[in-house]
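Colleague: Structure: upload18.txt, compact mmCIF, C-alpha atoms.
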# COMPACT_ATOMS: atom_id res chain seq x y z
CA MET J 1 68.74 118.33 -56.46
CA ALA J 2 70.14 119.33 -59.84
CA ASP J 3 67.40 121.50 -61.35
CA GLN J 4 63.69 121.99 -61.98
CA LYS J 5 62.02 121.65 -65.33
CA THR J 6 58.50 121.96 -66.68
CA ILE J 7 57.63 119.34 -69.30
CA GLY J 8 54.68 119.72 -71.64
CA SER J 9 53.99 123.35 -70.76
CA ASN J 10 52.04 123.77 -74.00
CA ASN J 11 49.20 121.70 -72.54
CA PRO J 12 49.56 118.68 -74.86
CA GLY J 13 46.73 116.82 -73.24
CA GLY J 14 44.14 119.45 -74.14
CA SER J 15 42.24 121.88 -71.95
CA GLN J 16 41.58 119.22 -69.29
CA ALA J 17 45.28 118.24 -68.89
CA LEU J 18 46.45 118.51 -65.31
CA ARG J 19 49.77 119.65 -63.94
CA TRP J 20 51.65 116.82 -62.21
CA PHE J 21 54.62 117.48 -59.99
CA TYR J 22 57.42 114.94 -60.04
CA THR J 23 60.71 113.88 -58.50
CA ALA J 24 62.85 111.95 -60.97
CA ARG J 25 66.39 110.99 -61.87
CA ASN J 26 67.94 112.37 -65.06
CA ALA J 27 70.40 110.64 -67.39
CA ALA J 28 73.34 111.85 -65.26
CA GLY J 29 71.89 110.17 -62.19
CA GLU J 30 70.91 113.45 -60.48
CA ILE J 31 67.67 113.99 -58.59
CA VAL J 32 65.49 116.61 -60.30
CA GLN J 33 62.06 118.06 -59.56
CA GLY J 34 59.58 119.84 -61.80
CA SER J 35 56.14 119.60 -63.34
CA VAL J 36 54.54 117.94 -66.35
CA ARG J 37 51.11 118.41 -67.96
CA ALA J 38 49.29 115.12 -68.58
CA ASP J 39 45.83 113.56 -68.45
CA SER J 40 46.77 111.07 -65.71
CA GLU J 41 49.59 109.98 -63.46
CA LEU J 42 50.43 107.14 -65.87
CA ASP J 43 50.49 109.57 -68.79
CA ALA J 44 52.83 111.83 -66.79
CA ALA J 45 55.20 108.90 -66.12
CA ARG J 46 55.29 108.09 -69.85
CA ARG J 47 56.08 111.69 -70.75
CA LEU J 48 58.91 111.75 -68.21
CA GLN J 49 60.40 108.54 -69.56
CA LYS J 50 60.12 109.90 -73.11
CA ASN J 51 62.19 112.89 -72.01
CA GLY J 52 64.90 110.71 -70.46
CA TYR J 53 63.78 110.81 -66.82
CA ALA J 54 63.32 107.86 -64.45
CA PRO J 55 60.30 108.80 -62.27
CA ILE J 56 60.65 108.41 -58.51
CA SER J 57 57.39 110.04 -57.44
CA ILE J 58 54.52 111.80 -59.23
CA SER J 59 51.86 113.61 -57.22
CA SER J 60 49.65 116.64 -56.83
CA LYS J 61 51.10 120.07 -56.05
CA ALA J 62 50.16 119.98 -52.38
CA LYS J 63 51.66 116.57 -51.86
CA LEU J 64 54.83 117.43 -53.75
CA SER J 65 55.27 120.64 -51.82
CA ALA J 66 55.29 118.64 -48.61
CA GLN J 67 57.75 116.19 -50.12
CA ALA J 68 59.99 118.97 -51.33
CA LEU J 69 59.88 120.60 -47.92
CA ASN J 70 60.88 117.31 -46.27
CA PHE J 71 63.58 116.81 -48.87
CA ASN J 72 65.09 120.18 -48.04
CA ILE J 73 64.83 120.17 -44.26
CA GLU J 74 65.17 116.46 -43.43
CA LYS J 75 68.60 115.67 -42.14
CA ARG J 76 70.35 112.90 -44.04
CA GLN J 77 71.01 109.91 -41.82
CA LYS J 78 74.49 108.54 -42.30
CA ILE J 79 74.86 104.89 -43.24
CA LYS J 80 77.52 103.43 -40.94
CA SER J 81 79.65 100.31 -41.28
CA LYS J 82 77.36 98.27 -39.04
CA ASP J 83 74.35 99.34 -41.18
CA LEU J 84 76.15 98.26 -44.36
CA ALA J 85 77.10 94.94 -42.75
CA LEU J 86 73.49 94.21 -41.80
CA PHE J 87 72.22 95.25 -45.24
CA CYS J 88 74.74 93.06 -47.10
CA ARG J 89 73.97 90.10 -44.85
CA GLN J 90 70.20 90.42 -45.39
CA PHE J 91 70.58 91.02 -49.13
CA ALA J 92 72.90 88.01 -49.50
CA THR J 93 70.49 85.73 -47.59
CA MET J 94 67.56 86.70 -49.83
CA LEU J 95 69.53 86.25 -53.06
CA ASP J 96 70.89 82.91 -51.85
CA ALA J 97 67.28 81.81 -51.22
CA GLY J 98 66.44 82.55 -54.86
CA MET J 99 64.57 85.86 -54.48
CA PRO J 100 64.90 88.31 -57.42
CA ILE J 101 67.19 91.30 -56.85
CA ILE J 102 64.49 93.99 -57.07
CA ARG J 103 62.15 92.12 -54.75
CA SER J 104 65.03 91.56 -52.32
CA LEU J 105 65.89 95.27 -52.26
CA LYS J 106 62.26 96.23 -51.69
CA SER J 107 61.98 93.70 -48.89
CA VAL J 108 65.11 95.04 -47.17
CA ALA J 109 63.83 98.61 -47.54
CA ASP J 110 60.41 97.72 -46.12
CA ASN J 111 61.90 95.94 -43.09
CA SER J 112 64.69 98.44 -42.41
CA ASP J 113 64.54 100.96 -39.58
CA HIS J 114 67.18 103.13 -41.26
CA LYS J 115 65.68 106.25 -42.90
CA GLN J 116 68.38 106.55 -45.54
CA PHE J 117 67.96 102.94 -46.66
CA LYS J 118 64.21 103.49 -46.96
CA LYS J 119 64.92 106.52 -49.13
CA VAL J 120 67.75 105.18 -51.32
CA LEU J 121 66.87 101.52 -51.93
CA PRO J 122 63.59 102.31 -53.79
CA GLN J 123 65.63 104.58 -56.08
CA VAL J 124 68.11 101.74 -56.68
CA SER J 125 65.18 99.41 -57.49
CA SER J 126 63.75 102.01 -59.88
CA ASP J 127 67.09 102.20 -61.72
CA LEU J 128 67.25 98.41 -61.97
CA GLU J 129 63.80 98.35 -63.56
CA THR J 130 65.12 100.60 -66.35
CA GLY J 131 67.93 98.13 -67.13
CA THR J 132 70.73 99.66 -65.06
CA SER J 133 73.24 97.23 -63.55
CA LEU J 134 73.25 96.78 -59.78
CA ALA J 135 76.74 98.27 -59.39
CA ALA J 136 75.79 101.31 -61.49
CA ALA J 137 72.56 101.77 -59.52
CA PHE J 138 74.47 101.77 -56.22
CA GLY J 139 77.17 103.94 -57.82
CA ARG J 140 74.65 106.77 -58.22
CA HIS J 141 74.57 107.05 -54.42
CA LYS J 142 78.27 107.33 -53.57
CA LYS J 143 77.51 109.40 -50.48
CA ASP J 144 75.77 106.35 -49.04
CA PHE J 145 77.62 103.38 -50.57
CA PRO J 146 81.46 103.39 -50.57
CA ASP J 147 83.66 102.61 -53.57
CA LEU J 148 84.74 99.32 -52.00
CA MET J 149 81.16 98.05 -51.97
CA ILE J 150 80.40 99.22 -55.51
CA ALA J 151 83.56 97.62 -56.95
CA MET J 152 82.91 94.27 -55.24
CA ILE J 153 79.27 94.24 -56.36
CA SER J 154 80.41 94.92 -59.93
CA SER J 155 82.84 92.00 -59.70
CA GLY J 156 80.15 89.78 -58.19
CA GLU J 157 77.74 90.63 -61.02
CA ILE J 158 80.31 89.72 -63.65
CA ALA J 159 81.33 86.48 -61.96
CA GLY J 160 77.76 85.50 -61.01
CA THR J 161 78.71 85.15 -57.34
CA MET J 162 76.60 87.92 -55.85
CA PRO J 163 75.54 86.12 -52.61
CA GLU J 164 79.16 85.15 -51.84
CA THR J 165 80.35 88.66 -52.64
CA LEU J 166 77.75 90.22 -50.37
CA ASP J 167 78.71 87.81 -47.57
CA GLU J 168 82.34 88.91 -47.98
CA LEU J 169 81.23 92.54 -47.87
CA ALA J 170 79.19 91.89 -44.74
CA LEU J 171 82.23 90.34 -43.05
CA THR J 172 84.40 93.31 -44.10
CA TYR J 173 81.99 95.88 -42.68
CA GLU J 174 81.42 93.84 -39.51
CA LYS J 175 85.17 93.91 -38.91
CA GLU J 176 85.22 97.63 -39.72
CA ALA J 177 82.41 98.33 -37.26
CA LYS J 178 84.14 96.30 -34.58
CA MET J 179 87.39 98.23 -35.05
CA LYS J 180 85.60 101.56 -34.84
CA SER J 181 83.96 100.38 -31.63
CA LYS J 182 87.38 99.48 -30.22
CA ILE J 183 88.77 102.90 -31.14
CA ILE J 184 85.85 104.65 -29.46
CA SER J 185 86.12 102.53 -26.33
CA ALA J 186 89.88 103.18 -26.16
CA LEU J 187 89.48 106.96 -26.46
CA THR J 188 86.26 107.55 -24.52
CA TYR J 189 87.75 107.22 -21.03
CA PRO J 190 90.74 109.57 -21.59
CA VAL J 191 88.53 112.18 -23.27
CA ILE J 192 86.00 112.13 -20.44
CA VAL J 193 88.68 112.32 -17.75
CA LEU J 194 90.54 115.15 -19.49
CA GLY J 195 87.26 117.02 -19.98
CA LEU J 196 86.38 116.70 -16.29
CA ALA J 197 89.92 117.71 -15.34
CA PHE J 198 89.64 120.84 -17.49
CA VAL J 199 86.31 121.77 -15.90
CA MET J 200 87.62 121.11 -12.40
CA ILE J 201 90.85 123.07 -12.85
CA THR J 202 88.99 125.92 -14.57
CA GLY J 203 86.49 126.11 -11.69
CA MET J 204 89.26 126.21 -9.09
CA LEU J 205 91.24 128.89 -10.92
CA ILE J 206 88.24 131.15 -11.57
CA PHE J 207 86.18 130.69 -8.37
CA VAL J 208 88.15 129.01 -5.57
CA VAL J 209 91.63 130.52 -5.83
CA PRO J 210 90.44 134.19 -6.01
CA THR J 211 88.35 133.62 -2.86
CA PHE J 212 91.35 132.27 -0.95
CA SER J 213 93.48 135.12 -2.34
CA GLN J 214 91.10 137.71 -0.84
CA ILE J 215 91.16 135.91 2.54
CA PHE J 216 94.96 135.80 2.57
CA GLU J 217 95.10 139.50 1.65
CA GLN J 218 92.72 140.43 4.50
CA LEU J 219 94.76 138.39 7.00
CA GLY J 220 98.01 139.90 5.76
CA ALA J 221 99.56 136.44 5.57
CA GLU J 222 102.96 135.93 4.02
CA LEU J 223 102.43 133.71 1.00
CA PRO J 224 104.88 130.93 0.11
CA LEU J 225 106.19 130.71 -3.45
CA PRO J 226 103.79 127.91 -4.63
CA THR J 227 100.80 129.95 -3.47
CA GLN J 228 102.07 133.10 -5.19
CA ILE J 229 102.50 131.17 -8.44
CA LEU J 230 99.00 129.68 -8.17
CA ILE J 231 97.42 133.11 -7.52
CA SER J 232 99.29 134.58 -10.51
CA VAL J 233 98.10 131.70 -12.70
CA ALA J 234 94.51 132.23 -11.48
CA ALA J 235 94.72 135.96 -12.30
CA ALA J 236 95.94 135.14 -15.81
CA ALA J 237 93.23 132.47 -16.16
CA GLN J 238 90.52 135.11 -15.76
CA ILE J 239 91.67 136.46 -19.14
CA PHE J 240 93.02 133.45 -20.98
CA ILE J 241 90.41 130.78 -20.19
CA PRO J 242 87.56 132.67 -21.97
CA LEU J 243 89.94 133.15 -24.89
CA LEU J 244 90.79 129.44 -24.76
CA ILE J 245 87.10 128.50 -24.86
CA VAL J 246 86.58 130.76 -27.88
CA ALA J 247 89.65 129.22 -29.54
CA ILE J 248 88.29 125.70 -28.90
CA ILE J 249 84.94 126.62 -30.47
CA PHE J 250 86.66 128.23 -33.46
CA THR J 251 88.98 125.24 -33.89
CA THR J 252 86.03 122.83 -33.74
CA VAL J 253 84.16 124.74 -36.45
CA TRP J 254 87.30 124.99 -38.58
CA TRP J 255 88.01 121.28 -38.15
CA ARG J 256 84.52 120.25 -39.28
CA ARG J 257 84.92 122.31 -42.44
CA ASN J 258 88.51 121.37 -43.29
CA LYS J 259 89.15 117.91 -41.85
CA LEU J 260 88.77 116.29 -45.28
CA GLN J 261 91.33 118.57 -46.96
CA PRO J 262 94.35 116.49 -48.11
CA ASN J 263 96.93 118.65 -46.32
CA VAL J 264 94.96 118.60 -43.07
CA ARG J 265 94.42 114.85 -43.28
CA LYS J 266 98.12 114.25 -43.96
CA ILE J 267 99.21 116.27 -40.92
CA THR J 268 96.59 114.51 -38.79
CA ASP J 269 97.76 111.07 -39.98
CA ILE J 270 101.39 111.89 -39.20
CA LEU J 271 100.49 113.12 -35.71
CA LYS J 272 98.27 110.08 -35.07
CA THR J 273 100.85 107.48 -36.11
CA ARG J 274 103.73 109.21 -34.27
CA ALA J 275 101.87 110.09 -31.09
CA PRO J 276 103.25 108.49 -27.91
CA ILE J 277 101.21 105.54 -26.59
CA LEU J 278 98.37 106.02 -29.13
CA GLY J 279 100.56 106.07 -32.27
CA PRO J 280 101.19 102.30 -32.56
CA PHE J 281 97.51 101.63 -31.93
CA PHE J 282 96.35 103.91 -34.76
CA LYS J 283 98.96 102.39 -37.09
CA LYS J 284 97.62 98.89 -36.40
CA VAL J 285 94.09 100.10 -37.13
CA ALA J 286 95.20 101.55 -40.48
CA ILE J 287 97.03 98.35 -41.50
CA ALA J 288 94.11 96.15 -40.45
CA ARG J 289 91.68 98.24 -42.53
CA PHE J 290 94.07 98.28 -45.52
CA SER J 291 94.65 94.52 -45.42
CA ARG J 292 90.96 93.62 -45.00
CA SER J 293 89.82 95.91 -47.84
CA MET J 294 92.52 94.73 -50.23
CA ALA J 295 91.89 91.08 -49.40
CA SER J 296 88.16 91.47 -50.05
CA LEU J 297 88.67 93.18 -53.42
CA THR J 298 91.33 90.80 -54.73
CA ASP J 299 89.37 87.76 -53.51
CA THR J 300 86.30 88.79 -55.54
CA GLY J 301 88.33 89.25 -58.72
CA VAL J 302 88.67 93.04 -58.89
CA PRO J 303 91.75 93.88 -61.05
CA ILE J 304 94.84 94.80 -59.01
CA MET J 305 95.16 98.34 -60.43
CA GLN J 306 91.55 99.13 -59.62
CA THR J 307 91.98 97.50 -56.21
CA LEU J 308 94.95 99.70 -55.33
CA GLU J 309 93.04 102.81 -56.39
CA ILE J 310 89.94 101.93 -54.37
CA VAL J 311 91.88 100.85 -51.28
CA GLY J 312 93.81 104.12 -51.39
CA ARG J 313 90.59 106.16 -51.42
CA THR J 314 88.87 104.10 -48.72
CA SER J 315 91.81 103.43 -46.39
CA GLY J 316 91.12 106.52 -44.29
CA SER J 317 94.85 107.34 -44.28
CA VAL J 318 96.51 109.88 -46.57
CA LEU J 319 99.88 108.23 -45.93
CA ILE J 320 98.59 104.90 -47.27
CA GLU J 321 96.80 106.63 -50.16
CA GLU J 322 100.02 108.38 -51.26
CA ALA J 323 102.01 105.17 -50.92
CA LEU J 324 99.54 103.22 -53.06
CA ARG J 325 99.85 105.78 -55.87
CA GLU J 326 103.53 104.85 -56.09
CA VAL J 327 102.67 101.16 -55.81
CA ARG J 328 100.28 101.46 -58.75
CA GLU J 329 103.01 103.03 -60.88
CA SER J 330 105.50 100.31 -59.94
CA VAL J 331 102.97 97.54 -60.67
CA ARG J 332 102.20 99.17 -64.02
CA THR J 333 105.89 98.88 -64.93
CA GLY J 334 106.01 95.22 -63.89
CA GLN J 335 107.62 95.52 -60.45
CA PRO J 336 106.38 93.48 -57.47
CA MET J 337 103.99 95.34 -55.20
CA SER J 338 105.92 94.31 -52.08
CA THR J 339 109.09 96.05 -53.31
CA THR J 340 107.46 99.47 -53.33
CA LEU J 341 105.54 98.86 -50.09
CA ALA J 342 108.87 98.20 -48.34
CA THR J 343 110.00 101.79 -49.01
CA TYR J 344 107.27 103.24 -46.76
CA ASP J 345 107.42 103.18 -42.96
CA ILE J 346 103.64 102.94 -42.62
CA PHE J 347 103.74 99.29 -43.80
CA PRO J 348 105.22 96.84 -41.25
CA PRO J 349 107.65 94.05 -42.23
CA ILE J 350 105.08 91.28 -41.59
CA LEU J 351 102.72 92.81 -44.17
CA ILE J 352 105.49 93.16 -46.76
CA GLN J 353 106.62 89.56 -46.23
CA MET J 354 103.09 88.19 -46.56
CA VAL J 355 102.42 90.27 -49.70
CA SER J 356 105.69 89.06 -51.21
CA THR J 357 104.76 85.44 -50.45
CA GLY J 358 101.26 85.97 -51.84
CA GLU J 359 102.65 87.42 -55.08
CA GLU J 360 105.03 84.50 -55.53
CA THR J 361 102.47 81.78 -54.78
CA GLY J 362 99.41 83.45 -56.32
CA ALA J 363 97.64 83.39 -52.94
CA LEU J 364 97.62 87.14 -52.28
CA PRO J 365 93.99 87.34 -50.99
CA GLY J 366 94.62 84.59 -48.44
CA MET J 367 97.85 86.18 -47.21
CA LEU J 368 96.19 89.59 -46.86
CA LYS J 369 93.35 88.02 -44.87
CA LYS J 370 95.88 86.50 -42.48
CA VAL J 371 97.50 89.92 -42.03
CA ALA J 372 94.10 91.52 -41.48
CA GLU J 373 93.14 88.92 -38.87
CA TYR J 374 96.49 89.36 -37.11
CA TYR J 375 96.19 93.12 -36.84
CA GLU J 376 92.52 92.96 -35.91
CA ARG J 377 93.54 90.81 -32.95
CA GLU J 378 96.28 93.33 -32.20
CA VAL J 379 93.69 96.13 -32.20
CA ASP J 380 91.52 94.13 -29.79
CA SER J 381 94.34 93.54 -27.34
CA GLY J 382 95.74 97.03 -27.92
CA SER J 383 92.48 98.72 -26.97
CA GLU J 384 92.43 96.81 -23.67
CA ALA J 385 96.11 97.59 -23.02
CA LEU J 386 95.53 101.28 -23.73
CA GLY J 387 92.83 101.42 -21.08
CA SER J 388 95.04 99.80 -18.46
CA LEU J 389 97.98 102.06 -19.41
CA ILE J 390 96.22 105.41 -19.79
CA GLU J 391 94.09 105.12 -16.65
CA PRO J 392 96.97 105.29 -14.11
CA ILE J 393 98.71 108.03 -16.12
CA LEU J 394 95.59 110.19 -16.02
CA LEU J 395 95.06 109.50 -12.32
CA VAL J 396 98.63 110.54 -11.54
CA PHE J 397 98.18 113.65 -13.69
CA LEU J 398 95.01 114.64 -11.86
CA ALA J 399 96.55 113.90 -8.47
CA VAL J 400 99.59 116.05 -9.20
CA ILE J 401 97.64 119.02 -10.64
CA VAL J 402 94.66 119.10 -8.29
CA GLY J 403 96.65 117.97 -5.25
CA GLY J 404 99.32 120.59 -5.97
CA MET J 405 96.68 123.34 -6.20
CA VAL J 406 95.04 122.28 -2.92
CA LEU J 407 98.42 122.11 -1.17
CA ALA J 408 99.38 125.55 -2.47
CA LEU J 409 96.12 126.98 -1.05
CA TYR J 410 96.59 125.41 2.38
CA LEU J 411 100.29 126.26 2.90
CA PRO J 412 99.51 129.87 4.00
CA ILE J 413 96.87 128.55 6.42
CA PHE J 414 99.48 126.38 8.10
CA SER J 415 101.77 129.43 8.37
CA ILE J 416 98.94 131.47 9.96
CA PHE J 417 98.25 128.73 12.52
CA GLU J 418 101.96 128.59 13.42
CA THR J 419 102.04 132.37 13.89
CA ILE J 420 98.95 132.30 16.14
CA ALA J 421 100.41 129.42 18.16
CA GLN J 422 103.59 131.41 18.80
Hey, can you dump this file as structure tokens for me?
Modeller:
Amino acid sequence: MADQKTIGSNNPGGSQALRWFYTARNAAGEIVQGSVRADSELDAARRLQKNGYAPISISSKAKLSAQALNFNIEKRQKIKSKDLALFCRQFATMLDAGMPIIRSLKSVADNSDHKQFKKVLPQVSSDLETGTSLAAAFGRHKKDFPDLMIAMISSGEIAGTMPETLDELALTYEKEAKMKSKIISALTYPVIVLGLAFVMITGMLIFVVPTFSQIFEQLGAELPLPTQILISVAAAAQIFIPLLIVAIIFTTVWWRRNKLQPNVRKITDILKTRAPILGPFFKKVAIARFSRSMASLTDTGVPIMQTLEIVGRTSGSVLIEEALREVRESVRTGQPMSTTLATYDIFPPILIQMVSTGEETGALPGMLKKVAEYYEREVDSGSEALGSLIEPILLVFLAVIVGGMVLALYLPIFSIFETIAQ
């Protein structure tokens, strides 16, 4: 919320004028709240419009106070790729059936279960009623609607192909949602197993090993080297594991606050793409997302310079974003895009060849779609291969660590039994 302002504080409506409390959008597109003196709700709306505000809600003080409270404490629900895909598909169907844009938006909002859509779409409709273009109305909510969507809607408005553009957007976000699902499914199992391994090993070092250590000390048993090492590690764990837990909590908080910083994102991207086993998978995901986004933008007629800028911001990879800055400069000077792409390791040869062919034949969107489909299939098969590859590695890791600890604890017991038997 940008500010609060009282309009008509000099009681222009006479002694009987009431104070109306409003939520509105100013000329800069910001949400503002305040009060206005007027004889009626309609009169208040007219005064707001006269002062350059687009009213969103006008109500009594008690009602507004509740709204303001909800506005401040209600957690914003994030609009995900699958939500955008469903919205674009529904919106496209209604427009293709001949429904007006404003009525279509209101219908989607009324039938949606998503809280953020119910909150934002009426504001978009309100902006449209004041003569704002659809792209500009969505552009006032960049936290909810990405640049890719806004640019394609703008192109669709100009070309008069809004239903087709929205169908293309729906396909793009369906593919995006599917890829995210594959990433989550590929990483869920290793994360769960490693978490359980950490808990198990921590429990043994803190509770089990010290108990055995006291028993061995009481029996006066001679401890073999593996057992001595394990007991020393357990003694150190009493100090370092609490510190490690604190460090994990601190790192988690720091990461949430700084993960979007360019330097942090760049280091993360480098580690992700060069990591053993997982690195090639993450690289395929990045190329699939890049190819799909660029194909969608160029296919709907968005200029190439604007396309490169938008794809760089929405790629999710700092390495690709930095590369596309150089590509934009080379394209501006008349060089082929594929020539500059070839100088960066993040872009595979198949992508560069297809882009080069697309530039020569004028079929760049089609070539990029083929690349996107190829790498989306690679992500599908890669996620399944990761599961089959990581599972035995983790099982061997757990067997070696836990089995080694158990063996180290039982070696002195075997020695005690041998002594008693003699």
Colleague: Between CA of Pro190 in chain J and CA of Val253 in chain J, measure the distance and give it in Å to one decimal.
Modeller: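 About the pair CA of Pro190 in chain J and CA of Val253 in chain J: they are 22.2 Å apart.
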Colleague: Tell me, in Å to one decimal, how far CA of Ala135 in chain J is from CA of Ala151 in chain J.
Modeller: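 The value is 7.3 Å.
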Colleague: If you measure from CA of Thr251 in chain J to CA of Val264 in chain J, what distance in Å do you get, rounded to one decimal?
Modeller: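 Separation between CA of Thr251 in chain J and CA of Val264 in chain J: 12.8 Å.
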Colleague: Considering all atoms listed in the file, can you say which of J:Phe290, J:Trp254, J:Phe281, J:Tyr22 comes closest to Ser381 in chain J?
Modeller: J:Phe281
Colleague: Given the choices J:Val331, J:Ser296, J:Ser291, J:Thr172, which gets closest to Tyr374 in chain J if the distance is worked out from all atoms listed in the file?
Modeller: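 Nearest to Tyr374 in chain J: J:Ser291.
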Colleague: Using only C-alpha atoms, can you list as a PyMOL selection string the residues within 10 Å of (106.2, 96.8, -50.2)?
Modeller: chain J and resi 323-324+327+336-345+347-349+351-356
Colleague: Which one is closest to Lys370 in chain J: J:Val406, J:Leu411, J:Ile287, J:Ala109? Count all atoms listed in the file.
Modeller: J:Ile287
Colleague: Smallest atom-to-atom distance to Thr307 in chain J: which of J:Pro100, J:Pro224, J:Pro365, J:Gly160, using only C-alpha atoms?
Modeller: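 For Thr307 in chain J, the nearest of the given residues is J:Pro365.
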Colleague: Of the residues J:Ile101, J:Ile229, J:Val285, J:Leu243, which is the one nearest to Ala408 in chain J, using all atoms listed in the file?
Modeller: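 Selected residue with least distance to Ala408 in chain J: J:Ile229.
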Colleague: Could you tell me which of J:Gly358, J:Gly156, J:Pro262, J:Gly404 comes closest to Glu322 in chain J if we count only C-alpha atoms?
Modeller: J:Pro262
